[in-house]
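The structure appears below as structure tokens.
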Amino acid sequence: MTRYDELARRSWKSGEYKAAPESPNAAGAGSGEAEALRSFLRSKLEWIVEREAYDPLRGPAEHPSIVEGAMKLAQYVKFREEKFGGVLFETRSERVFTLSPTGAAVVREIAGGGDEAAIVARLKARFQDPSGAIEREATEFLAFLKEKGLVEQG
Amino acid sequence: MEQGVSSFDLGSPLYLAWQLTNECNLACLHCIEESGPGKRMPDEMSEAQCRSILEQVIAAQIPYVAFSGGEPMLHPAFFELAESVCGRGIELKVETNGVLLDAPRCARLGRAGVKSVQVSMDGVTQDSYGRLRAGGRLDDVLGGLRRLREAGVTTEVNFSPTRCNAGEVGKAVDLAFECGASAFFTGRTMYTGNAVRSWDRIAPTEEQYAGYFRVLHEKSAEYGDRMRICFHEMGLLAELKCRLEHPAALLIVLPNGLVKLINALPFVCGDLREQTLLAVWEHFKTAWRDPRVARFVADMEVRPELTSELHRWVRL
């Protein structure tokens, strides 16, 4: 059993997100590693709770995390950040799309949630671009992602 | 999209093709590995070593893993490893001969959430199938495809052309579709592994290949988006020349932890029992530039039979 599995089982039983070793003298207690584990574990458990609570028979309005019109990466598409920007990997067709830093920023915002307008608005704010170039590029890029089936819309 | 980016610019591979074991329950004449009953390598990795690699795959954010063999389902920890891969959000494809796909196994693959299971179906009759896949029953494979579908698993079919079955490819495409396959994969059978010994009996003629690919083009047009039909007409040499310039971001892990540069070359660029996955990835990038690699590909142009030596590994 891996350390993650041990921690997940312990936390699931106790309901606590206690990621540091039990003994305060043990290596790693209170360290950055423990904090990273704690936050990772919390995000995993929150995801599990959300998944367990999901009822497909209820409408999207009753699921606060599901917004009508929201964009998300398609089921078999994986995103990874790289020094040059990022990559999108469509694992069914095994096609790889390399992304510039701007393209990677757009995909990060898709992962952040919301519909197309919200994504573009966040990018405009982030890049502080009054010229409208970011809006134009992001809109074109989102259209490309949709055309290639790399994103889905709720 | 970024122009001019290659696999060499990536921080880690995008795809890990992992041969879990060399053991197989069939003795196929055309197998490109040297797999078969009793062919487990003496130094295959332990479950703990496999798990260590898996942790590195997760840490390196490798999004896609394929388990193959031999027959991967014969590995004693196959399901535990598959469940770990899927449970960490990695897409997993399983490449199997299909004869072990009973209902409980299919259900477990469905629950694990594998991306797809690719099943080898090299014939549409027991006669042609059984001639190539000694010890195999086509009904088991077709039943396995049906049970996978019932378990909600996406299926794909792989078809290796030989003198015995090349004429059946049209019917094989139809049968794959009837079985619910989402994709049909094929290409030229390679002169390597077990196929070397049986080459005189199994190698399709160029005339057969011409008819084979003509049918595949027709079937592609017929099925359109309903089922992907994926095939490469170009031979191995053309593909290798292309890979010299543009290697795929793919590591091929052998059952004993050695990592091959590409399946169609004999070169090994690392050992995961002794090196970290990221160290092997960095060496992968320089190994492609080793002059021995380009020389081997150039030699293949005049001596195509060199592919028979792919299992005599050369460490770079």
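By order of appearance in the structure tokens: chains A, B, ..., then residues from 1 within every chain, and ligands from 1 in the order shown.
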Using 6 Å as the limit and counting only C-alpha atoms, can you tabulate each residue of chain A that touches chain B, with its shortest atom-to-atom distance in Å and the two atoms involved, as a tab-separated table?
```
residue	atom	partner	partner_atom	distance
A:Thr98	CA	B:Glu2	CA	5.5
A:Leu99	CA	B:Met1	CA	4.7
A:Ser100	CA	B:Glu2	CA	4.9
```
For this session: Work out how far CA of Ala121 (chain A) is from CA of Lys72 (chain A), in Å to one decimal.
Result: 16.2 Å
For this session: Using backbone DSSP assignments, extract all helix (DSSP H, G or I) residues from region 42-178 of chain B; output them as number ranges by chain.
Result: B: 47-59, 72-74, 78-87, 103-112, 126-132, 138-150, 166-178
Exercise. Mind pulling up the distance from CA of Met190 (chain B) to CA of Glu305 (chain B)?
Worked result: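 We find that CA of Glu305 (chain B) and CA of Met190 (chain B) lie 10.2 Å from each other.
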Per-residue DSSP, region 100-236 of chain B, filtered to strand (DSSP E or B), as a PDB file with C-alpha atoms, in the first residue's frame:
```pdb
ATOM      1  CA  SER B 116     -10.193   0.720 -23.947  1.00  0.00           C
ATOM      2  CA  VAL B 117      -9.333  -2.912 -24.425  1.00  0.00           C
ATOM      3  CA  GLN B 118      -7.728  -3.839 -27.729  1.00  0.00           C
ATOM      4  CA  VAL B 119      -8.329  -7.465 -28.684  1.00  0.00           C
ATOM      5  CA  SER B 120      -6.423  -9.383 -31.362  1.00  0.00           C
ATOM      6  CA  ARG B 133      -3.046 -18.435 -33.006  1.00  0.00           C
ATOM      7  CA  ALA B 134      -2.129 -21.948 -31.964  1.00  0.00           C
ATOM      8  CA  THR B 155     -13.264  -2.132 -27.373  1.00  0.00           C
ATOM      9  CA  GLU B 156     -10.882  -2.070 -30.318  1.00  0.00           C
ATOM     10  CA  VAL B 157      -9.808  -4.858 -32.646  1.00  0.00           C
ATOM     11  CA  ASN B 158      -6.305  -5.520 -33.916  1.00  0.00           C
ATOM     12  CA  PHE B 159      -5.780  -7.594 -37.063  1.00  0.00           C
ATOM     13  CA  ALA B 183     -11.717   1.063 -33.851  1.00  0.00           C
ATOM     14  CA  PHE B 184      -9.955  -1.441 -36.111  1.00  0.00           C
ATOM     15  CA  PHE B 185      -6.158  -1.367 -36.195  1.00  0.00           C
ATOM     16  CA  THR B 186      -3.892  -3.055 -38.701  1.00  0.00           C
ATOM     17  CA  ARG B 228     -12.307   4.198 -36.947  1.00  0.00           C
ATOM     18  CA  ILE B 229     -10.213   2.067 -39.304  1.00  0.00           C
ATOM     19  CA  CYS B 230      -6.547   2.819 -38.663  1.00  0.00           C
ATOM     20  CA  PHE B 231      -3.805   1.425 -40.861  1.00  0.00           C
TER      21      PHE B 231
END
```
Problem set entry | Selection near Arg126 (chain A), 12 Å with only C-alpha atoms, sequence-local residues under 6 positions removed, as a PyMOL selection string | chain A and resi 102+105-106+108-109+119-120+134-135
Exercise. Counting only C-alpha atoms, what is within 12 Å of Asp290 (chain B), bar same-chain residues fewer than 3 positions away, as a VMD selection string?
Worked result: chain B and resid 244 261 267 to 269 283 to 287 293 to 297 314 to 316
For this session: May I ask which of the residues A:Arg92, A:Arg136, A:Lys146, A:Lys124 is the closest one to Val77 (chain A), counting only C-alpha atoms?
Result: A:Arg92
For this session: Determine, counting only C-alpha atoms, which protein, DNA and RNA residues have an atom within 10 Å of an atom of Pro104 (chain B); residues of the same chain fewer than 4 positions away are not included. Present the result as a PyMOL selection string.
Result: chain B and resi 108-110+147+151
Could you write out that same residue set with N, CA and C atoms as a PDB file, in the first residue's frame?
```pdb
ATOM      1  N   ARG B 108     -14.639  -6.405 -14.016  1.00  0.00           N
ATOM      2  CA  ARG B 108     -13.608  -5.713 -13.229  1.00  0.00           C
ATOM      3  C   ARG B 108     -12.907  -4.635 -14.055  1.00  0.00           C
ATOM      4  N   LEU B 109     -12.692  -4.936 -15.341  1.00  0.00           N
ATOM      5  CA  LEU B 109     -12.094  -3.910 -16.220  1.00  0.00           C
ATOM      6  C   LEU B 109     -13.046  -2.720 -16.361  1.00  0.00           C
ATOM      7  N   GLY B 110     -14.350  -3.027 -16.431  1.00  0.00           N
ATOM      8  CA  GLY B 110     -15.340  -1.957 -16.524  1.00  0.00           C
ATOM      9  C   GLY B 110     -15.344  -1.096 -15.275  1.00  0.00           C
ATOM     10  N   ARG B 147     -18.727  -9.525 -23.975  1.00  0.00           N
ATOM     11  CA  ARG B 147     -18.790  -9.317 -22.519  1.00  0.00           C
ATOM     12  C   ARG B 147     -18.186  -7.966 -22.124  1.00  0.00           C
ATOM     13  N   ALA B 151     -20.063  -4.888 -20.224  1.00  0.00           N
ATOM     14  CA  ALA B 151     -19.500  -4.270 -19.014  1.00  0.00           C
ATOM     15  C   ALA B 151     -19.221  -2.780 -19.220  1.00  0.00           C
TER      16      ALA B 151
END
```
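Shortest separation to Ala118 (chain A) among A:Ala133, A:Leu88, A:Ala70, A:Leu142 occurs at residue A:Ala70, atoms counted being only C-alpha atoms.
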Exercise. Using only C-alpha atoms, which residues sit within 10 Å of Asn263 (chain B) once same-chain residues fewer than 5 positions away are excluded, as an NGL selection string?
Worked result: :B and (17 or 32-33 or 251-254 or 268 or 310-311)
Restricting the output to C-alpha atoms, write the selected residues as a short mmCIF file (atom, residue, chain, number, x, y, z; two decimals), in the first residue's frame.
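That gives us result16.cif:
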```
data_model
loop_
_atom_site.label_atom_id
_atom_site.label_comp_id
_atom_site.auth_asym_id
_atom_site.auth_seq_id
_atom_site.Cartn_x
_atom_site.Cartn_y
_atom_site.Cartn_z
CA ALA B 17 3.80 1.16 -23.58
CA ILE B 32 6.34 -9.94 -33.20
CA GLU B 33 7.53 -10.59 -29.66
CA LEU B 251 8.79 4.79 -23.81
CA ILE B 252 8.50 1.04 -24.36
CA VAL B 253 9.04 -0.78 -21.08
CA LEU B 254 9.98 -4.45 -21.30
CA VAL B 268 17.76 -0.01 -25.28
CA LEU B 310 15.31 -6.72 -32.79
CA HIS B 311 15.27 -8.93 -29.72
#
```
For this session: Please measure the separation of CA of Pro76 (chain B) and CA of Ala264 (chain B), giving the value in Å to one decimal.
Result: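 The value is 27.7 Å.
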Problem set entry | Spatial neighbours of Tyr129 (chain B), max dist 12 Å, only C-alpha atoms, sep filter under 4 positions, as an NGL selection string | :B and (26 or 28-30 or 97 or 120-125 or 133-142 or 159-166 or 168 or 172)
Residues just named, written with N, CA and C atoms as a compact mmCIF listing (two decimals), in the first residue's frame:
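Full text of result21.txt as output:
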```txt
# COMPACT_ATOMS: atom_id res chain seq x y z
N LEU B 26 -0.97 -18.35 -25.63
CA LEU B 26 -1.07 -18.79 -27.02
C LEU B 26 0.34 -18.82 -27.63
N CYS B 28 1.46 -17.92 -31.04
CA CYS B 28 1.06 -17.40 -32.36
C CYS B 28 2.24 -17.40 -33.33
N LEU B 29 1.96 -17.83 -34.55
CA LEU B 29 3.03 -17.92 -35.57
C LEU B 29 3.56 -16.54 -35.93
N HIS B 30 2.71 -15.52 -35.86
CA HIS B 30 3.08 -14.20 -36.37
C HIS B 30 3.46 -13.22 -35.26
N ASN B 97 -4.86 -10.85 -26.05
CA ASN B 97 -5.30 -11.78 -27.09
C ASN B 97 -6.79 -12.12 -26.94
N SER B 120 -6.93 -8.87 -30.08
CA SER B 120 -6.42 -9.38 -31.36
C SER B 120 -7.41 -10.38 -31.94
N MET B 121 -7.84 -10.11 -33.16
CA MET B 121 -8.81 -11.01 -33.83
C MET B 121 -8.32 -11.19 -35.26
N ASP B 122 -7.45 -12.19 -35.43
CA ASP B 122 -6.77 -12.33 -36.72
C ASP B 122 -7.46 -13.34 -37.62
N GLY B 123 -8.77 -13.29 -37.71
CA GLY B 123 -9.48 -14.20 -38.60
C GLY B 123 -10.96 -14.14 -38.32
N VAL B 124 -11.74 -14.56 -39.30
CA VAL B 124 -13.19 -14.56 -39.09
C VAL B 124 -13.74 -15.98 -39.01
N THR B 125 -12.86 -16.96 -39.18
CA THR B 125 -13.28 -18.36 -38.99
C THR B 125 -12.27 -19.01 -38.04
N ARG B 133 -3.09 -18.55 -34.47
CA ARG B 133 -3.05 -18.44 -33.01
C ARG B 133 -3.20 -19.83 -32.39
N ALA B 134 -2.09 -20.56 -32.43
CA ALA B 134 -2.13 -21.95 -31.96
C ALA B 134 -2.62 -22.00 -30.52
N GLY B 135 -3.67 -22.78 -30.30
CA GLY B 135 -4.23 -22.91 -28.95
C GLY B 135 -5.38 -21.97 -28.69
N GLY B 136 -5.68 -21.07 -29.63
CA GLY B 136 -6.74 -20.09 -29.39
C GLY B 136 -8.06 -20.48 -30.03
N ARG B 137 -9.15 -20.03 -29.42
CA ARG B 137 -10.48 -20.28 -29.98
C ARG B 137 -11.13 -18.94 -30.30
N LEU B 138 -11.55 -18.79 -31.55
CA LEU B 138 -12.15 -17.52 -31.98
C LEU B 138 -13.42 -17.21 -31.17
N ASP B 139 -14.16 -18.25 -30.82
CA ASP B 139 -15.40 -18.02 -30.06
C ASP B 139 -15.11 -17.35 -28.71
N ASP B 140 -13.99 -17.70 -28.09
CA ASP B 140 -13.62 -17.06 -26.82
C ASP B 140 -13.39 -15.57 -27.03
N VAL B 141 -12.74 -15.24 -28.14
CA VAL B 141 -12.43 -13.83 -28.43
C VAL B 141 -13.72 -13.05 -28.71
N LEU B 142 -14.58 -13.63 -29.53
CA LEU B 142 -15.83 -12.93 -29.86
C LEU B 142 -16.70 -12.78 -28.61
N PHE B 159 -5.81 -6.52 -36.07
CA PHE B 159 -5.78 -7.59 -37.06
C PHE B 159 -4.40 -7.60 -37.72
N SER B 160 -3.69 -8.73 -37.61
CA SER B 160 -2.37 -8.84 -38.25
C SER B 160 -2.52 -9.62 -39.54
N PRO B 161 -2.17 -9.02 -40.68
CA PRO B 161 -2.35 -9.74 -41.95
C PRO B 161 -1.27 -10.79 -42.18
N THR B 162 -1.70 -11.93 -42.67
CA THR B 162 -0.77 -12.99 -43.07
C THR B 162 -1.33 -13.61 -44.35
N ARG B 163 -0.56 -14.54 -44.88
CA ARG B 163 -1.01 -15.23 -46.10
C ARG B 163 -2.36 -15.94 -45.86
N CYS B 164 -2.58 -16.38 -44.60
CA CYS B 164 -3.79 -17.17 -44.30
C CYS B 164 -5.04 -16.31 -44.17
N ASN B 165 -4.89 -15.04 -43.77
CA ASN B 165 -6.10 -14.29 -43.42
C ASN B 165 -6.27 -12.97 -44.16
N ALA B 166 -5.28 -12.57 -44.99
CA ALA B 166 -5.35 -11.24 -45.62
C ALA B 166 -6.63 -11.08 -46.44
N GLU B 168 -9.47 -12.06 -45.75
CA GLU B 168 -10.67 -11.96 -44.91
C GLU B 168 -10.85 -10.58 -44.30
N ALA B 172 -13.53 -9.21 -41.59
CA ALA B 172 -13.05 -8.95 -40.23
C ALA B 172 -13.48 -7.56 -39.76
```
